[in-house]
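Structure file structure20.json; described as JSON, C-alpha atoms.
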[["chain", "number", "residue", "atom", "x", "y", "z"],
["E", 1, "MET", "CA", 104.38, 108.70, 57.75],
["E", 2, "SER", "CA", 106.66, 105.86, 58.68],
["E", 3, "GLU", "CA", 105.90, 103.15, 61.16],
["E", 4, "GLY", "CA", 108.31, 104.60, 63.70],
["E", 5, "ALA", "CA", 106.57, 107.97, 63.73],
["E", 6, "VAL", "CA", 103.19, 106.31, 64.23],
["E", 7, "GLU", "CA", 104.58, 104.32, 67.14],
["E", 8, "THR", "CA", 106.11, 107.45, 68.66],
["E", 9, "ILE", "CA", 102.86, 109.42, 68.47],
["E", 10, "LEU", "CA", 100.91, 106.43, 69.79],
["E", 11, "PHE", "CA", 103.31, 106.08, 72.72],
["E", 12, "TYR", "CA", 102.93, 109.69, 73.82],
["E", 13, "ALA", "CA", 99.17, 109.69, 73.31],
["E", 14, "ILE", "CA", 98.62, 106.54, 75.37],
["E", 15, "ALA", "CA", 101.14, 107.67, 77.98],
["E", 16, "ALA", "CA", 99.37, 111.01, 78.41],
["E", 17, "MET", "CA", 95.95, 109.35, 78.69],
["E", 18, "SER", "CA", 97.35, 106.75, 81.09],
["E", 19, "LEU", "CA", 98.83, 109.40, 83.39],
["E", 20, "PHE", "CA", 95.61, 111.44, 83.24],
["E", 21, "PHE", "CA", 93.48, 108.48, 84.29],
["E", 22, "ALA", "CA", 96.02, 107.44, 86.93],
["E", 23, "ILE", "CA", 95.81, 110.90, 88.51],
["E", 24, "ALA", "CA", 92.01, 110.69, 88.29],
["E", 25, "THR", "CA", 92.19, 107.32, 90.08],
["E", 26, "VAL", "CA", 93.97, 108.78, 93.08],
["E", 27, "THR", "CA", 92.16, 112.12, 93.25],
["E", 28, "ALA", "CA", 88.53, 111.42, 92.30],
["E", 29, "ARG", "CA", 86.30, 112.04, 95.29],
["E", 30, "ARG", "CA", 83.74, 109.49, 94.20],
["E", 31, "LEU", "CA", 85.24, 106.04, 94.56],
["E", 32, "LEU", "CA", 83.17, 104.60, 91.73],
["E", 33, "ARG", "CA", 84.65, 107.16, 89.33],
["E", 34, "ALA", "CA", 88.09, 106.29, 90.63],
["E", 35, "ALA", "CA", 87.37, 102.63, 89.86],
["E", 36, "VAL", "CA", 86.32, 103.50, 86.29],
["E", 37, "ALA", "CA", 89.48, 105.60, 85.85],
["E", 38, "LEU", "CA", 91.53, 102.66, 87.16],
["E", 39, "MET", "CA", 89.86, 100.45, 84.57],
["E", 40, "PHE", "CA", 90.95, 102.85, 81.82],
["E", 41, "VAL", "CA", 94.53, 102.87, 83.15],
["E", 42, "LEU", "CA", 94.60, 99.08, 83.03],
["E", 43, "VAL", "CA", 93.12, 98.92, 79.51],
["E", 44, "LEU", "CA", 95.70, 101.44, 78.31],
["E", 45, "SER", "CA", 98.40, 99.30, 79.92],
["E", 46, "ALA", "CA", 97.15, 96.43, 77.79],
["E", 47, "GLY", "CA", 97.81, 98.76, 74.83],
["E", 48, "PHE", "CA", 101.34, 99.29, 76.11],
["E", 49, "TYR", "CA", 101.82, 95.52, 76.23],
["E", 50, "VAL", "CA", 100.74, 95.26, 72.59],
["E", 51, "MET", "CA", 103.26, 97.96, 71.67],
["E", 52, "LEU", "CA", 105.93, 95.96, 73.52],
["E", 53, "ALA", "CA", 105.13, 92.81, 71.53],
["E", 54, "ALA", "CA", 103.55, 91.03, 74.52],
["E", 55, "GLU", "CA", 100.16, 90.22, 73.04],
["E", 56, "PHE", "CA", 99.44, 87.31, 75.36],
["E", 57, "LEU", "CA", 100.09, 89.54, 78.36],
["E", 58, "ALA", "CA", 97.72, 92.15, 76.96],
["E", 59, "GLY", "CA", 94.99, 89.51, 76.86],
["E", 60, "VAL", "CA", 95.77, 88.39, 80.40],
["E", 61, "GLN", "CA", 95.74, 92.01, 81.54],
["E", 62, "VAL", "CA", 92.26, 92.61, 80.15],
["E", 63, "LEU", "CA", 90.90, 89.29, 81.42],
["E", 64, "VAL", "CA", 92.31, 89.41, 84.95],
["E", 65, "TYR", "CA", 92.53, 93.11, 85.73],
["E", 66, "VAL", "CA", 89.56, 94.57, 83.90],
["E", 67, "GLY", "CA", 87.39, 91.48, 84.01],
["E", 68, "GLY", "CA", 88.25, 90.42, 87.54],
["E", 69, "ILE", "CA", 89.97, 92.92, 89.77],
["E", 70, "VAL", "CA", 88.02, 96.02, 88.75],
["E", 71, "VAL", "CA", 84.77, 94.11, 89.10],
["E", 72, "VAL", "CA", 85.73, 93.00, 92.62],
["E", 73, "ILE", "CA", 86.64, 96.59, 93.49],
["E", 74, "VAL", "CA", 83.29, 97.87, 92.21],
["E", 75, "PHE", "CA", 81.49, 95.17, 94.20],
["E", 76, "VAL", "CA", 83.26, 96.20, 97.39],
["E", 77, "ILE", "CA", 82.63, 99.90, 96.79],
["E", 78, "MET", "CA", 78.94, 99.06, 96.61],
["E", 79, "LEU", "CA", 79.01, 96.62, 99.54],
["E", 80, "THR", "CA", 80.67, 99.19, 101.77],
["E", 81, "SER", "CA", 78.14, 101.82, 100.60],
["E", 82, "SER", "CA", 80.85, 104.23, 99.57],
["E", 83, "VAL", "CA", 78.98, 104.96, 96.34],
["E", 84, "ASP", "CA", 76.98, 107.97, 97.47],
["E", 85, "LEU", "CA", 79.61, 109.31, 99.80],
["E", 86, "LEU", "CA", 82.03, 111.95, 98.68],
["E", 87, "GLU", "CA", 85.34, 111.13, 100.20],
["E", 88, "GLU", "CA", 86.55, 114.00, 102.32],
["E", 89, "ARG", "CA", 89.34, 115.99, 100.78],
["E", 90, "PRO", "CA", 92.64, 115.13, 102.41],
["E", 91, "PRO", "CA", 94.10, 117.89, 104.55],
["E", 92, "LEU", "CA", 96.53, 120.20, 102.82],
["E", 93, "LEU", "CA", 99.46, 118.96, 104.89],
["E", 94, "ARG", "CA", 98.88, 115.36, 103.87],
["E", 95, "LYS", "CA", 98.44, 116.37, 100.24],
["E", 96, "ALA", "CA", 101.70, 118.32, 100.35],
["E", 97, "LEU", "CA", 103.58, 115.48, 102.02],
["E", 98, "GLY", "CA", 102.14, 112.94, 99.58],
["E", 99, "ALA", "CA", 103.06, 115.11, 96.62],
["E", 100, "LEU", "CA", 106.53, 115.63, 98.07],
["E", 101, "ALA", "CA", 107.05, 111.87, 98.44],
["E", 102, "ALA", "CA", 105.71, 111.16, 94.95],
["E", 103, "ILE", "CA", 107.74, 113.91, 93.27],
["E", 104, "GLY", "CA", 110.82, 112.94, 95.25],
["E", 105, "PHE", "CA", 110.45, 109.34, 94.16],
["E", 106, "PHE", "CA", 109.83, 110.30, 90.55],
["E", 107, "GLY", "CA", 112.73, 112.78, 90.48],
["E", 108, "THR", "CA", 115.19, 110.33, 91.97],
["E", 109, "THR", "CA", 114.13, 107.41, 89.79],
["E", 110, "ALA", "CA", 113.97, 109.45, 86.59],
["E", 111, "ALA", "CA", 117.41, 110.92, 87.32],
["E", 112, "VAL", "CA", 118.80, 107.41, 87.73],
["E", 113, "TYR", "CA", 117.18, 106.27, 84.47],
["E", 114, "LEU", "CA", 118.39, 109.32, 82.55],
["E", 115, "THR", "CA", 121.99, 108.97, 83.73],
["E", 116, "THR", "CA", 122.22, 105.19, 83.34],
["E", 117, "ASP", "CA", 123.69, 103.75, 80.18],
["E", 118, "PHE", "CA", 121.33, 100.94, 79.29],
["E", 119, "GLY", "CA", 123.39, 100.05, 76.24],
["E", 120, "ALA", "CA", 122.07, 99.66, 72.77],
["E", 121, "ALA", "CA", 118.71, 97.98, 72.48],
["E", 122, "ALA", "CA", 119.12, 94.30, 71.75],
["E", 123, "ASP", "CA", 118.05, 93.46, 68.25],
["E", 124, "ALA", "CA", 116.95, 89.86, 68.37],
["E", 125, "ALA", "CA", 113.61, 88.90, 66.87],
["E", 126, "PRO", "CA", 110.87, 88.25, 69.43],
["E", 127, "PRO", "CA", 109.41, 84.74, 69.55],
["E", 128, "ALA", "CA", 106.72, 84.32, 66.94],
["E", 129, "GLU", "CA", 104.13, 83.09, 69.45],
["E", 130, "SER", "CA", 104.68, 84.68, 72.85],
["E", 131, "ALA", "CA", 101.91, 82.61, 74.41],
["E", 132, "ARG", "CA", 103.64, 79.38, 73.42],
["E", 133, "ALA", "CA", 107.00, 80.65, 74.72],
["E", 134, "ILE", "CA", 105.46, 81.79, 78.04],
["E", 135, "GLY", "CA", 103.71, 78.46, 78.50],
["E", 136, "ALA", "CA", 106.92, 76.56, 77.82],
["E", 137, "ALA", "CA", 108.85, 78.77, 80.28],
["E", 138, "LEU", "CA", 106.18, 78.34, 82.98],
["E", 139, "LEU", "CA", 106.32, 74.54, 82.80],
["E", 140, "ASP", "CA", 110.06, 74.22, 82.21],
["E", 141, "TYR", "CA", 111.75, 72.48, 85.14],
["E", 142, "GLY", "CA", 115.26, 73.11, 83.85],
["E", 143, "PRO", "CA", 117.66, 75.70, 85.30],
["E", 144, "HIS", "CA", 115.88, 78.58, 83.52],
["E", 145, "GLY", "CA", 112.34, 77.33, 84.04],
["E", 146, "TYR", "CA", 109.61, 78.72, 86.25],
["E", 147, "VAL", "CA", 107.73, 75.60, 87.29],
["E", 148, "VAL", "CA", 108.31, 76.11, 91.03],
["E", 149, "PRO", "CA", 107.08, 79.75, 91.12],
["E", 150, "PHE", "CA", 104.19, 78.61, 88.93],
["E", 151, "GLU", "CA", 103.16, 76.00, 91.49],
["E", 152, "VAL", "CA", 103.68, 78.45, 94.36],
["E", 153, "ILE", "CA", 101.42, 80.96, 92.60],
["E", 154, "SER", "CA", 98.74, 78.31, 92.20],
["E", 155, "LEU", "CA", 98.98, 77.60, 95.94],
["E", 156, "LEU", "CA", 98.79, 81.35, 96.67],
["E", 157, "LEU", "CA", 95.68, 81.75, 94.53],
["E", 158, "LEU", "CA", 94.02, 78.79, 96.26],
["E", 159, "ALA", "CA", 94.90, 80.23, 99.68],
["E", 160, "ALA", "CA", 93.57, 83.65, 98.64],
["E", 161, "LEU", "CA", 90.33, 82.05, 97.39],
["E", 162, "VAL", "CA", 89.73, 80.09, 100.60],
["E", 163, "GLY", "CA", 90.93, 82.94, 102.78],
["E", 164, "GLY", "CA", 88.70, 85.47, 101.03],
["E", 165, "ILE", "CA", 85.63, 83.31, 101.58],
["E", 166, "ALA", "CA", 86.58, 82.54, 105.19],
["E", 167, "VAL", "CA", 87.17, 86.20, 106.06],
["E", 168, "ALA", "CA", 84.21, 87.76, 104.30],
["E", 169, "ARG", "CA", 81.43, 85.37, 105.32],
["E", 170, "ARG", "CA", 79.32, 85.85, 108.40],
["E", 171, "SER", "CA", 80.91, 84.28, 111.41],
["E", 172, "PRO", "CA", 78.73, 81.51, 112.88],
["E", 173, "PRO", "CA", 77.92, 81.51, 116.61],
["E", 174, "PRO", "CA", 80.23, 79.40, 118.75],
["E", 175, "SER", "CA", 77.63, 76.65, 119.11],
["E", 176, "GLN", "CA", 77.29, 76.19, 115.36],
["E", 177, "PRO", "CA", 79.61, 73.80, 113.57],
["E", 178, "LEU", "CA", 82.11, 75.52, 111.28],
["E", 179, "THR", "CA", 80.83, 73.56, 108.31],
["E", 180, "SER", "CA", 77.74, 75.74, 107.86],
["E", 181, "GLY", "CA", 78.06, 78.81, 105.73],
["E", 182, "GLY", "CA", 76.64, 81.21, 108.26],
["E", 183, "ASP", "CA", 73.50, 81.70, 106.21],
["E", 184, "LEU", "CA", 71.10, 79.52, 108.19],
["E", 185, "PRO", "CA", 68.21, 81.40, 109.85],
["E", 186, "GLY", "CA", 69.52, 80.73, 113.32],
["E", 187, "GLU", "CA", 72.85, 82.27, 112.50],
["E", 188, "VAL", "CA", 71.58, 85.56, 111.11],
["E", 189, "SER", "CA", 70.38, 86.63, 114.54],
["E", 190, "PHE", "CA", 73.80, 85.94, 115.99],
["E", 191, "THR", "CA", 74.78, 88.67, 118.44],
["E", 192, "PRO", "CA", 78.47, 89.34, 118.76],
["E", 193, "PRO", "CA", 80.06, 89.23, 122.21],
["E", 194, "LYS", "CA", 79.13, 92.20, 124.35],
["E", 195, "ARG", "CA", 81.65, 94.98, 124.33],
["E", 196, "GLN", "CA", 82.27, 97.64, 126.92],
["E", 197, "ASN", "CA", 80.41, 100.95, 126.50],
["E", 198, "ASP", "CA", 77.98, 99.34, 124.08],
["E", 199, "PRO", "CA", 74.47, 99.57, 125.58],
["E", 200, "GLU", "CA", 72.85, 97.54, 122.79],
["E", 201, "GLY", "CA", 75.22, 94.65, 123.29],
["E", 202, "GLY", "CA", 76.09, 94.79, 119.65],
["E", 203, "ALA", "CA", 72.65, 93.58, 118.60],
["E", 204, "SER", "CA", 72.46, 96.17, 115.85],
["E", 205, "HIS", "CA", 75.26, 94.47, 113.99],
["E", 206, "ALA", "CA", 73.38, 91.22, 113.55],
["N", 207, "MET", "CA", 108.16, 113.56, 59.95],
["N", 208, "PRO", "CA", 110.04, 110.49, 61.24],
["N", 209, "ASP", "CA", 113.32, 112.35, 60.94],
["N", 210, "ILE", "CA", 112.04, 115.22, 63.07],
["N", 211, "LEU", "CA", 110.70, 112.97, 65.83],
["N", 212, "ALA", "CA", 113.72, 110.69, 65.90],
["N", 213, "GLY", "CA", 116.10, 113.65, 65.63],
["N", 214, "LEU", "CA", 114.60, 115.21, 68.75],
["N", 215, "GLY", "CA", 115.27, 111.98, 70.65],
["N", 216, "LEU", "CA", 111.52, 111.45, 71.03],
["N", 217, "ALA", "CA", 111.30, 107.95, 69.60],
["N", 218, "PRO", "CA", 110.37, 105.84, 72.64],
["N", 219, "GLY", "CA", 113.43, 103.99, 73.88],
["N", 220, "ILE", "CA", 113.98, 102.19, 77.14],
["N", 221, "VAL", "CA", 114.54, 105.45, 79.04],
["N", 222, "HIS", "CA", 111.19, 106.91, 77.88],
["N", 223, "TRP", "CA", 109.35, 103.76, 78.89],
["N", 224, "MET", "CA", 111.05, 103.55, 82.28],
["N", 225, "VAL", "CA", 110.33, 107.21, 83.04],
["N", 226, "LEU", "CA", 106.69, 106.50, 82.20],
["N", 227, "THR", "CA", 106.55, 103.56, 84.61],
["N", 228, "ALA", "CA", 108.23, 105.70, 87.28],
["N", 229, "ALA", "CA", 105.59, 108.40, 86.76],
["N", 230, "LEU", "CA", 102.76, 105.86, 87.09],
["N", 231, "PHE", "CA", 104.38, 104.48, 90.24],
["N", 232, "ALA", "CA", 104.72, 108.00, 91.70],
["N", 233, "VAL", "CA", 101.03, 108.68, 91.06],
["N", 234, "GLY", "CA", 100.13, 105.46, 92.87],
["N", 235, "LEU", "CA", 102.41, 106.44, 95.75],
["N", 236, "TYR", "CA", 100.60, 109.75, 96.08],
["N", 237, "GLY", "CA", 97.29, 107.88, 96.18],
["N", 238, "ILE", "CA", 98.47, 105.55, 98.94],
["N", 239, "LEU", "CA", 99.60, 108.47, 101.06],
["N", 240, "THR", "CA", 96.54, 110.69, 100.62],
["N", 241, "ARG", "CA", 93.50, 108.41, 100.28],
["N", 242, "ARG", "CA", 91.24, 108.10, 103.30],
["N", 243, "SER", "CA", 89.16, 105.19, 102.06],
["N", 244, "ALA", "CA", 90.78, 101.77, 102.36],
["N", 245, "VAL", "CA", 89.34, 100.78, 98.97],
["N", 246, "GLY", "CA", 90.96, 103.87, 97.42],
["N", 247, "VAL", "CA", 94.31, 102.89, 98.90],
["N", 248, "LEU", "CA", 93.98, 99.42, 97.42],
["N", 249, "MET", "CA", 93.24, 100.93, 94.01],
["N", 250, "ALA", "CA", 96.45, 102.98, 94.31],
["N", 251, "VAL", "CA", 98.31, 99.77, 95.16],
["N", 252, "GLU", "CA", 96.95, 98.31, 91.92],
["N", 253, "LEU", "CA", 98.55, 101.23, 90.07],
["N", 254, "LEU", "CA", 101.89, 100.40, 91.68],
["N", 255, "LEU", "CA", 101.67, 96.71, 90.77],
["N", 256, "ASN", "CA", 100.64, 97.60, 87.22],
["N", 257, "SER", "CA", 103.61, 99.91, 86.72],
["N", 258, "ALA", "CA", 105.97, 97.28, 88.15],
["N", 259, "ALA", "CA", 104.67, 94.66, 85.72],
["N", 260, "LEU", "CA", 104.99, 97.16, 82.89],
["N", 261, "SER", "CA", 108.66, 97.81, 83.72],
["N", 262, "PHE", "CA", 109.35, 94.06, 83.67],
["N", 263, "VAL", "CA", 107.92, 93.88, 80.15],
["N", 264, "VAL", "CA", 109.84, 97.00, 79.07],
["N", 265, "PHE", "CA", 113.15, 95.47, 80.11],
["N", 266, "ASN", "CA", 112.16, 92.22, 78.46],
["N", 267, "HIS", "CA", 111.38, 93.99, 75.20],
["N", 268, "PHE", "CA", 114.51, 96.12, 75.05],
["N", 269, "ARG", "CA", 117.17, 93.94, 76.65],
["N", 270, "MET", "CA", 116.38, 90.37, 75.62],
["N", 271, "PRO", "CA", 113.53, 90.33, 73.12],
["N", 272, "ALA", "CA", 114.19, 86.73, 72.12],
["N", 273, "LEU", "CA", 113.22, 85.49, 75.59],
["N", 274, "VAL", "CA", 110.01, 85.88, 77.60],
["N", 275, "ASP", "CA", 111.32, 85.90, 81.18],
["N", 276, "GLY", "CA", 110.08, 89.43, 81.84],
["N", 277, "GLN", "CA", 106.64, 88.54, 80.56],
["N", 278, "VAL", "CA", 106.58, 85.49, 82.84],
["N", 279, "MET", "CA", 107.39, 87.76, 85.78],
["N", 280, "ALA", "CA", 104.57, 90.10, 84.71],
["N", 281, "VAL", "CA", 102.18, 87.13, 84.72],
["N", 282, "PHE", "CA", 103.27, 86.40, 88.30],
["N", 283, "VAL", "CA", 102.77, 90.06, 89.27],
["N", 284, "ILE", "CA", 99.25, 89.98, 87.84],
["N", 285, "ALA", "CA", 98.45, 86.74, 89.70],
["N", 286, "VAL", "CA", 99.74, 88.18, 92.99],
["N", 287, "ALA", "CA", 97.70, 91.35, 92.40],
["N", 288, "ALA", "CA", 94.57, 89.26, 91.93],
["N", 289, "ALA", "CA", 95.21, 87.33, 95.16],
["N", 290, "GLU", "CA", 95.95, 90.55, 97.03],
["N", 291, "VAL", "CA", 92.74, 92.21, 95.85],
["N", 292, "VAL", "CA", 90.61, 89.22, 96.83],
["N", 293, "VAL", "CA", 91.97, 89.04, 100.36],
["N", 294, "GLY", "CA", 92.05, 92.81, 100.83],
["N", 295, "MET", "CA", 88.47, 93.25, 99.70],
["N", 296, "ALA", "CA", 87.30, 90.37, 101.90],
["N", 297, "VAL", "CA", 88.96, 92.08, 104.85],
["N", 298, "PHE", "CA", 87.25, 95.37, 104.01],
["N", 299, "VAL", "CA", 83.84, 93.73, 103.76],
["N", 300, "ALA", "CA", 84.37, 92.03, 107.13],
["N", 301, "LEU", "CA", 85.62, 95.30, 108.62],
["N", 302, "TYR", "CA", 82.63, 97.18, 107.28],
["N", 303, "ARG", "CA", 80.29, 94.64, 108.83],
["N", 304, "VAL", "CA", 81.84, 95.30, 112.25],
["N", 305, "SER", "CA", 82.73, 98.99, 112.06],
["N", 306, "HIS", "CA", 80.35, 100.37, 109.40],
["N", 307, "THR", "CA", 83.21, 102.30, 107.86],
["N", 308, "VAL", "CA", 86.29, 101.74, 105.75],
["N", 309, "ASP", "CA", 87.72, 105.16, 106.61],
["N", 310, "LEU", "CA", 91.33, 104.60, 107.57],
["N", 311, "ASN", "CA", 91.30, 107.54, 109.98],
["N", 312, "ARG", "CA", 88.63, 105.84, 112.05],
["N", 313, "LEU", "CA", 89.84, 102.25, 111.83],
["N", 314, "ASP", "CA", 92.16, 102.02, 114.81],
["N", 315, "ARG", "CA", 90.57, 99.16, 116.66],
["N", 316, "LEU", "CA", 93.90, 97.69, 117.61],
["N", 317, "LYS", "CA", 94.47, 100.76, 119.75],
["N", 318, "ASN", "CA", 91.10, 100.84, 121.50],
["N", 319, "ASP", "CA", 87.87, 98.98, 121.30],
["N", 320, "GLU", "CA", 85.58, 101.75, 120.13],
["N", 321, "VAL", "CA", 85.27, 103.07, 116.59],
["N", 322, "LYS", "CA", 85.60, 106.83, 116.55],
["N", 323, "PRO", "CA", 82.43, 108.69, 115.57]]

Please render this file's structure as structure tokens.
Amino acid sequence: MSEGAVETILFYAIAAMSLFFAIATVTARRLLRAAVALMFVLVLSAGFYVMLAAEFLAGVQVLVYVGGIVVVIVFVIMLTSSVDLLEERPPLLRKALGALAAIGFFGTTAAVYLTTDFGAAADAAPPAESARAIGAALLDYGPHGYVVPFEVISLLLLAALVGGIAVARRSPPPSQPLTSGGDLPGEVSFTPPKRQNDPEGGASHA
Amino acid sequence: MPDILAGLGLAPGIVHWMVLTAALFAVGLYGILTRRSAVGVLMAVELLLNSAALSFVVFNHFRMPALVDGQVMAVFVIAVAAAEVVVGMAVFVALYRVSHTVDLNRLDRLKNDEVKP
């Protein structure tokens, strides 16, 4: 069997598995199972990247998505105690409308792809070391370089880091200085401002 | 064997890859529209971002394989996805601390002060 046939069979096998796990991600009633299915989708996407001669990207995909994002998602599923809960099935109307939107999108997009002439595939050799080429492109400040988006992304990641910590930590009482992390004993008993129709004054949230 | 597969037009070209990314995107779209849990919606958003990054790499591979611009864009997409997940999950944890739910049907605190039972 030639190399092309192997690649063809591999493509359809990974594509079928990828679609199966993607559907499992959006339909599983247990969120933890959905997270595991999402992890499989992302790992299989790393396989796609290898098939597309983007080995560096496959490594980044596994490191960032599987090693980082899925872990954060699993943490939040557990922190919001959604583990034991079966998510309620969506009503039939919403399912039908969602399926209509998804099928409509897929039909339109696939029709466009099938009727577009993409031209013959370019036949240049890929760079021998894609990681080296990507690094050079990221730090290139010439007209075709990406140094400005690279710096903007670093700023975005810093802002997301600080913002994530600031949003998710316990809010300190107004008398406390903002420099404390909200974990001092005096802050744990913080009672939020009293709301209307709340006989306990929100004390149960402390 | 290779002649049969290639003769049927089954060898994966750019159209096959792009239809695959469109299918993955459509599945994510369905998830966004039907999930009730906010965490589930964010997982569907991850599917969308993943398929978008994949289509960048597909175009890179088939249209200008000597360059890596599409792969650079995919790196940016992955970085933005990481930032988005961190902030989104922090918001959900904070929301859960206040509302004790991440059910999108019950999170309408901008409309009124009370969380629906």

Segment 274-289 of chain N surroundings by only C-alpha atoms, 8 Å radius, close-in-sequence under 5 positions cut, as an NGL selection string: (:E and (54 or 57 or 60-61 or 64-65 or 68-69 or 130 or 133-134 or 137-138 or 150 or 153 or 156-157 or 160-161)) or (:N and (252 or 255-256 or 258-260 or 262-263 or 265-266))

Between atom CA of Met295 of chain N and atom CA of Leu155 of chain E - distance in Å to one decimal: 19.2 Å

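The space between atom CA of Ser305 of chain N and atom CA of Met78 of chain E spans 15.9 Å.
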
Pairwise distance for atom CA of Val70 of chain E and atom CA of Ala35 of chain E, rounded to one decimal in Å: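 Taking atom CA of Val70 of chain E as the start and atom CA of Ala35 of chain E as the end point, the length is 6.7 Å.
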
Minimum-distance residue to chain N, chosen among E:Leu114, E:Val50, E:Val74, E:Leu44 (using all atoms listed in the file): E:Leu114
